[in-house]
Amino acid sequence: MFVTQRLAQNTDDRMKPEGDREHRPYKPGEIVPTSGIYTVVHHDHRPPHDVIVVRGEEFPTCRFCKTDVRFRPARLLPHMTHDFDLAGPEARALKRRAKGAGGETK
């Protein structure tokens, strides 16, 4: 019966909308799924506080509560380098710059 319950729980978790899964607490060692502001919840030694984290980085351990620290999404925001429109200069701008500097314009 436990296996059936566990399978049902896993299926339910996968069926949740992506946004619901992103708002779960994260543990040290997990990879940040979405950039933004996260609330750090320590075990006992410090009140919760907010930090900015970047997608793709690893959630760290705490010096005092080690792996008992948790990270809860407070406000998910894309980092500017992960934003499609801000990912870099347009090809035309690069060509103009190269031409003005006397470089190649292929």
# chains A, B, ... in the order shown; residues from 1 in each chain; ligands from 1
>>> residues_around(residues="segment 52-56 of chain A", least_positions_apart="3", cutoff="9 Å", atoms="only C-alpha atoms", output="short mmCIF file (atom, residue, chain, number, x, y, z; two decimals) with C-alpha atoms, in the first residue's frame")
data_model
loop_
_atom_site.label_atom_id
_atom_site.label_comp_id
_atom_site.auth_asym_id
_atom_site.auth_seq_id
_atom_site.Cartn_x
_atom_site.Cartn_y
_atom_site.Cartn_z
CA ILE A 31 20.29 24.00 -8.11
CA VAL A 32 18.41 27.31 -8.25
CA PRO A 33 15.59 26.80 -10.79
CA THR A 34 14.61 30.46 -11.22
CA SER A 35 16.43 33.68 -10.36
CA GLY A 36 14.86 36.02 -7.88
CA ILE A 37 14.54 36.97 -4.24
CA TYR A 38 14.41 34.05 -1.82
CA THR A 39 13.74 34.10 1.91
CA PHE A 59 21.90 26.83 -2.83
CA PRO A 78 14.71 36.62 -14.40
CA HIS A 79 18.31 37.74 -14.18
CA HIS A 82 18.64 35.24 -18.75
#
>>> residues_around(residues="Val40 of chain A", least_positions_apart="3", cutoff="10 Å", atoms="only C-alpha atoms", output="list of chain:residue names")
A:Pro25, A:Tyr26, A:Ile37, A:His43, A:Arg46, A:Pro47, A:Pro48, A:His49, A:Asp50, A:Val51, A:Cys62, A:Val69, A:Arg70, A:Phe71, A:Arg72, A:Pro73, A:Ala74
>>> atom_distance(atom1="atom CA of Pro28 of chain A", atom2="atom CA of Met80 of chain A")
24.2 Å
